[in-house]
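upload16.csv follows (CSV, C-alpha atoms):
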chain,number,residue,atom,x,y,z
A,1,MET,CA,43.2,36.1,32.8
A,2,PRO,CA,42.3,33.0,34.8
A,3,ALA,CA,39.8,30.6,33.2
A,4,THR,CA,36.8,29.8,35.3
A,5,ASN,CA,35.6,26.2,35.8
A,6,SER,CA,32.5,27.1,33.9
A,7,GLU,CA,34.5,28.3,30.8
A,8,ILE,CA,36.7,25.3,30.9
A,9,ALA,CA,33.7,23.0,31.2
A,10,GLY,CA,32.0,24.8,28.3
A,11,ILE,CA,35.0,24.0,26.0
A,12,PHE,CA,34.9,20.3,26.9
A,13,GLU,CA,31.1,20.3,26.3
A,14,ASN,CA,31.7,22.0,22.9
A,15,MET,CA,34.3,19.4,22.0
A,16,ALA,CA,31.9,16.6,22.9
A,17,THR,CA,29.3,18.2,20.6
A,18,PHE,CA,31.7,18.6,17.7
A,19,LEU,CA,32.8,15.0,18.1
A,20,GLU,CA,29.2,13.9,18.0
A,21,MET,CA,28.7,15.9,14.8
A,22,LYS,CA,31.6,14.0,13.3
A,23,GLY,CA,30.2,10.7,14.4
A,24,ASP,CA,33.2,10.0,16.6
A,25,SER,CA,33.4,7.3,19.2
A,26,PHE,CA,30.5,7.2,21.8
A,27,PHE,CA,33.1,6.6,24.5
A,28,LYS,CA,35.2,9.6,23.5
A,29,ILE,CA,32.2,11.9,23.4
A,30,ARG,CA,31.0,10.7,26.9
A,31,ALA,CA,34.5,11.2,28.3
A,32,TYR,CA,34.4,14.9,27.3
A,33,GLN,CA,30.9,15.3,28.6
A,34,ARG,CA,31.8,13.7,31.9
A,35,ALA,CA,34.9,15.9,32.2
A,36,ALA,CA,32.7,19.0,31.6
A,37,ARG,CA,30.2,17.9,34.3
A,38,THR,CA,33.0,17.1,36.7
A,39,ILE,CA,34.7,20.5,36.2
A,40,GLU,CA,31.4,22.3,36.7
A,41,HIS,CA,30.9,20.7,40.1
A,42,LEU,CA,34.5,21.0,41.4
A,43,SER,CA,34.6,22.7,44.8
A,44,PHE,CA,37.9,24.4,43.8
A,45,SER,CA,39.2,26.5,41.0
A,46,LEU,CA,40.8,24.3,38.3
A,47,ASP,CA,42.9,27.2,37.2
A,48,GLN,CA,44.4,27.6,40.6
A,49,ALA,CA,44.9,23.9,41.0
A,50,VAL,CA,46.9,23.8,37.8
A,51,ARG,CA,48.9,26.8,38.9
A,52,ASP,CA,49.6,25.1,42.2
A,53,GLY,CA,50.9,22.0,40.4
A,54,MET,CA,48.1,19.6,41.2
A,55,ASP,CA,48.1,16.2,39.5
A,56,LEU,CA,44.9,16.5,37.5
A,57,GLY,CA,44.8,12.7,37.3
A,58,GLU,CA,43.6,12.7,40.9
A,59,ILE,CA,40.3,14.2,39.7
A,60,PRO,CA,37.7,11.4,39.0
A,61,GLY,CA,37.3,10.8,35.3
A,62,PHE,CA,40.5,12.8,34.3
A,63,GLY,CA,42.7,10.6,32.2
A,64,SER,CA,46.0,11.7,30.7
A,65,ALA,CA,44.3,13.2,27.6
A,66,ILE,CA,41.8,15.3,29.6
A,67,SER,CA,44.5,16.3,32.0
A,68,SER,CA,46.9,17.5,29.4
A,69,LYS,CA,44.3,19.4,27.4
A,70,THR,CA,43.1,21.1,30.6
A,71,ARG,CA,46.7,22.0,31.6
A,72,GLU,CA,47.3,23.4,28.0
A,73,LEU,CA,44.2,25.5,28.1
A,74,ILE,CA,45.0,27.0,31.5
A,75,GLU,CA,48.6,27.6,30.8
A,76,THR,CA,48.3,29.0,27.3
A,77,GLY,CA,44.7,30.2,27.1
A,78,LYS,CA,44.1,27.9,24.1
A,79,MET,CA,43.7,24.2,23.4
A,80,ALA,CA,45.1,23.1,20.0
A,81,ALA,CA,42.8,20.0,19.8
A,82,TYR,CA,39.8,22.2,20.3
A,83,GLU,CA,40.9,24.8,17.8
A,84,LYS,CA,41.6,22.2,15.2
A,85,LEU,CA,38.2,20.5,15.8
A,86,ARG,CA,36.3,23.8,15.7
A,87,ALA,CA,37.9,24.7,12.4
A,88,GLU,CA,36.3,21.6,10.8
A,89,PHE,CA,32.8,23.0,11.2
A,90,PRO,CA,30.8,25.8,9.8
A,91,GLU,CA,30.7,29.0,12.0
A,92,GLY,CA,27.6,29.1,14.2
A,93,VAL,CA,26.8,25.4,14.1
A,94,LEU,CA,27.1,25.1,17.9
A,95,ASP,CA,24.5,27.8,18.3
A,96,LEU,CA,22.1,25.7,16.2
A,97,SER,CA,22.6,22.7,18.5
A,98,ASN,CA,21.3,24.8,21.4
A,99,VAL,CA,17.9,25.2,19.9
A,100,PHE,CA,15.2,22.9,21.2
A,101,GLY,CA,14.8,19.9,18.9
A,102,ILE,CA,18.2,20.3,17.2
A,103,GLY,CA,20.9,17.8,18.2
A,104,ALA,CA,24.5,17.8,17.1
A,105,LYS,CA,23.9,15.8,13.9
A,106,THR,CA,20.8,17.7,12.9
A,107,ALA,CA,22.7,21.0,13.4
A,108,MET,CA,25.3,19.8,11.0
A,109,THR,CA,22.7,18.7,8.4
A,110,ILE,CA,21.0,22.1,8.7
A,111,ALA,CA,24.3,24.0,8.3
A,112,ARG,CA,25.5,21.9,5.4
A,113,GLU,CA,22.2,21.5,3.5
A,114,LEU,CA,20.7,24.9,4.0
A,115,GLY,CA,23.8,27.1,4.6
A,116,VAL,CA,22.4,28.1,7.9
A,117,SER,CA,25.1,29.5,10.3
A,118,SER,CA,23.1,31.5,12.9
A,119,ILE,CA,19.8,31.5,14.8
A,120,ASP,CA,18.6,34.3,12.5
A,121,ASP,CA,19.4,32.2,9.4
A,122,LEU,CA,17.5,29.3,11.0
A,123,GLU,CA,14.5,31.4,11.6
A,124,ARG,CA,14.5,32.5,8.0
A,125,ALA,CA,14.8,28.9,6.9
A,126,ILE,CA,11.8,27.9,9.0
A,127,LEU,CA,9.7,30.8,7.8
A,128,ASP,CA,10.5,30.2,4.1
A,129,GLY,CA,9.8,26.5,4.4
A,130,ARG,CA,13.3,25.2,3.6
A,131,LEU,CA,13.8,23.5,7.0
A,132,ALA,CA,10.6,21.5,6.8
A,133,GLN,CA,11.8,20.0,3.5
A,134,LEU,CA,14.8,18.4,5.1
A,135,PRO,CA,14.6,14.6,5.9
A,136,ARG,CA,13.1,13.9,9.4
A,137,MET,CA,11.8,17.5,9.6
A,138,GLY,CA,8.4,18.7,9.0
A,139,GLU,CA,6.0,21.6,9.6
A,140,LYS,CA,5.3,20.7,13.2
A,141,THR,CA,9.0,20.3,14.1
A,142,ALA,CA,9.9,23.6,12.4
A,143,GLU,CA,7.1,25.3,14.2
A,144,LYS,CA,8.3,24.1,17.6
A,145,MET,CA,11.8,25.3,16.8
A,146,LEU,CA,10.4,28.7,15.8
A,147,GLN,CA,8.5,28.9,19.0
A,148,HIS,CA,11.7,28.1,21.0
A,149,ILE,CA,13.7,30.7,19.1
A,150,ARG,CA,11.0,33.3,19.9
A,151,TYR,CA,10.9,32.2,23.5
A,152,LEU,CA,14.7,32.6,23.8
A,153,ARG,CA,14.5,36.1,22.3
A,154,ASP,CA,11.8,37.1,24.7
A,155,GLN,CA,13.9,35.8,27.6
A,156,GLU,CA,16.9,37.9,26.4
A,157,LYS,CA,14.7,41.0,26.2
A,158,THR,CA,13.4,40.6,29.7
A,159,ALA,CA,16.8,39.9,31.1
A,160,THR,CA,18.2,43.2,29.8
Encoding of this model in structure tokens:
Amino acid sequence: MPATNSEIAGIFENMATFLEMKGDSFFKIRAYQRAARTIEHLSFSLDQAVRDGMDLGEIPGFGSAISSKTRELIETGKMAAYEKLRAEFPEGVLDLSNVFGIGAKTAMTIARELGVSSIDDLERAILDGRLAQLPRMGEKTAEKMLQHIRYLRDQEKTAT
């Protein structure tokens, strides 16, 4: 099944988030974020371009590493570097980083310190006060996160 530009971009964005969680190089993180944005805005299908033999280095911001990873993903349906990186982190940590007020590093702290691996776990940690006890957290921050979680749930309900 062909990968959409949006799906490919999402993988690069996730890689950037994982690298940020690891504390990797700012430049490497930005390269993956830039690649994700570029892919999202391409006027053509990246999947088709690879299948047509396009030199991906012609795409602005695509160096050899991004090009080869993109080609691997499209040709095999997987990207070894992404799979390896993803295996280093607790399940669900990316979901946490999508909650308002939780960046990549905070998501890792919450996952490691509280054993939180889902939005439901996060909600329980907020309600029982565990989240507010973490460094740089507090009752106000926890309450804002809880409001955001509930807002997202309401949006899901109205969308279905």
Skip Gly23 (chain A) itself and residues of its chain fewer than 5 positions away, then list as a PDB file with C-alpha atoms, in the frame of the given file all residues within 12 Å of it, counting only C-alpha atoms.
ATOM      1  CA  ALA A  16      31.900  16.600  22.900  1.00  0.00           C
ATOM      2  CA  THR A  17      29.300  18.200  20.600  1.00  0.00           C
ATOM      3  CA  PHE A  18      31.700  18.600  17.700  1.00  0.00           C
ATOM      4  CA  LYS A  28      35.200   9.600  23.500  1.00  0.00           C
ATOM      5  CA  ILE A  29      32.200  11.900  23.400  1.00  0.00           C
ATOM      6  CA  ALA A 104      24.500  17.800  17.100  1.00  0.00           C
ATOM      7  CA  LYS A 105      23.900  15.800  13.900  1.00  0.00           C
ATOM      8  CA  THR A 106      20.800  17.700  12.900  1.00  0.00           C
ATOM      9  CA  MET A 108      25.300  19.800  11.000  1.00  0.00           C
TER      10      MET A 108
END
**Message:** Set the distance at 9 Å and use all atoms listed in the file: which residues neighbour Asp55 (chain A) once local chain neighbours fewer than 5 positions away are removed? I'd like the list as a list in words.
**Reply:** Ala49, Val50 and Ser67 of chain A
Counting only C-alpha atoms, which residues of region 34-101 of chain A sit at most 7 Å from some atom of region 111-134 of chain A, and what is each one's closest atom pair with its distance in Å to one decimal, listed by chain and rising residue number, as CSV?
residue,atom,partner,partner_atom,distance
A:Pro90,CA,A:Ser117,CA,6.8
A:Glu91,CA,A:Ser117,CA,5.9
A:Gly92,CA,A:Ser117,CA,4.6
A:Val93,CA,A:Ser117,CA,5.8
A:Asp95,CA,A:Ser118,CA,6.7
A:Leu96,CA,A:Ile119,CA,6.4
**Asked** What is the distance between CA of Leu94 (chain A) and CA of Ala9 (chain A), in Å to one decimal?
**Response**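 If I compute the distance from CA of Leu94 (chain A) to CA of Ala9 (chain A), I get 15.0 Å.
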**CA of Thr38 (chain A) to CA of Pro60 (chain A), straight-line distance in Å** =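 It comes out at 7.7 Å.
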**Fill in**
Across A:Ser25, A:Gln33, A:Ser97, A:Gln48, the smallest distance to Asn5 (chain A), with all atoms listed in the file counted, is shown by A:Gln48
**Request:** Counting only C-alpha atoms, write as a VMD selection string all protein and nucleic acid residues lying at most 6 Å from (38.5, 28.6, 37.9) in the file's frame.
**Result:** chain A and resid 3 to 5 45 to 47
**Prompt:** Quick one, how far is CA of Val99 (chain A) from CA of Lys78 (chain A)?
**Reply:**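 Value for the CA of Val99 (chain A)-CA of Lys78 (chain A) distance: 26.7 Å.
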**Fill in**
Judged by all atoms listed in the file, the minimum distance to Tyr32 (chain A) among A:Asp52, A:Ser6, A:Ile66, A:Gly57 is found for A:Ile66
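Each of A:Ile149, A:Phe100, A:Glu156, A:Met15 was compared to Ala87 (chain A) using all atoms listed in the file, and A:Met15 turns out to be the nearest.
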